[in-house]
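Here is the structure we will look at.
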Amino acid sequence: MLWREHTVYRERSGGMVIRGEHVRRWISLAPAGGRDEILVRAGRILDGGTTAPARSEAVVHLNAGTDVLAAACRRLLAEAASDAERVPAGGAAPGSGRARRAGKTARRKGRGRHTGFGSWVIVICVVGVIGLYVYSNAALHG
């Protein structure tokens, strides 16, 4: 058992994720490329409950036994915890994607909520396809 309080769920890819909200870490186990191998990844849980990308990962052979798998999980979780200590309390590490995106969004706010040209092209294409479908159904059944 990794943590007393945890949530277990399945990923779309077939892997399993274990989240420990109280320790602010997660670990996932998923099939690896080789036979009888499992990919173990670990990362942090950010403020607001979102998960940060995996900080570390390892491939473990299942025929090595549960002791080896447990040792790999403990090592990866310890690495994720040490990464969490190096990150400032504000959330993102200096120079990380979140910090860079904050400046970009601040610049965009002055533009207002105008739909771009590309969005209008997509909307017109979707309306055209729906219109063609309705027209062909009306001609076929009418």
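Chain labels A, B, ... are given in the sequence in which chains occur in the structure tokens; within each chain residues are numbered consecutively from 1, and ligands are likewise numbered from 1 in the order shown.
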
### Query
Leaving out Tyr9 (chain A) and any residue of its chain fewer than 3 positions from it, which residues lie within 9 Å of it when counting only C-alpha atoms, given as a ChimeraX atom specification?
/A:15-19

Selection export as a PDB file, in the first residue's frame, atoms kept: C-alpha atoms:
```pdb
ATOM      1  CA  GLY A  15      -2.829   1.872 -17.462  1.00  0.00           C
ATOM      2  CA  MET A  16      -3.616   2.496 -13.819  1.00  0.00           C
ATOM      3  CA  VAL A  17      -3.075   5.736 -11.869  1.00  0.00           C
ATOM      4  CA  ILE A  18      -2.833   6.072  -8.099  1.00  0.00           C
ATOM      5  CA  ARG A  19      -3.253   9.607  -6.711  1.00  0.00           C
TER       6      ARG A  19
END
```

### Message
Could you list, as a ChimeraX atom specification, every residue within 12 Å of Leu29 (chain A), counting only C-alpha atoms and ignoring same-chain residues fewer than 5 positions away?
### Response
/A:8-11,13-19,37-42,54,57-60,62,69-70,72-73,76

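For the atom pair formed by CA of Trp26 (chain A) and CA of Gly65 (chain A), the distance is 21.8 Å, given to one decimal.
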
### Message
Which residue is closest to Gly48 (chain A)? Choose from A:Arg24, A:His141, A:His61, A:Arg35 and count only C-alpha atoms.
### Response
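Using only C-alpha atoms, Gly48 (chain A) sits closest to A:Arg24.
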
### Task
From a DSSP pass on the backbone, collect the residues of region 7-99 of chain A flagged as strand (DSSP E) and hand them back as an MDAnalysis selection string.
chainID A and resid 7:10 16:20 25:31 37:44 56:61
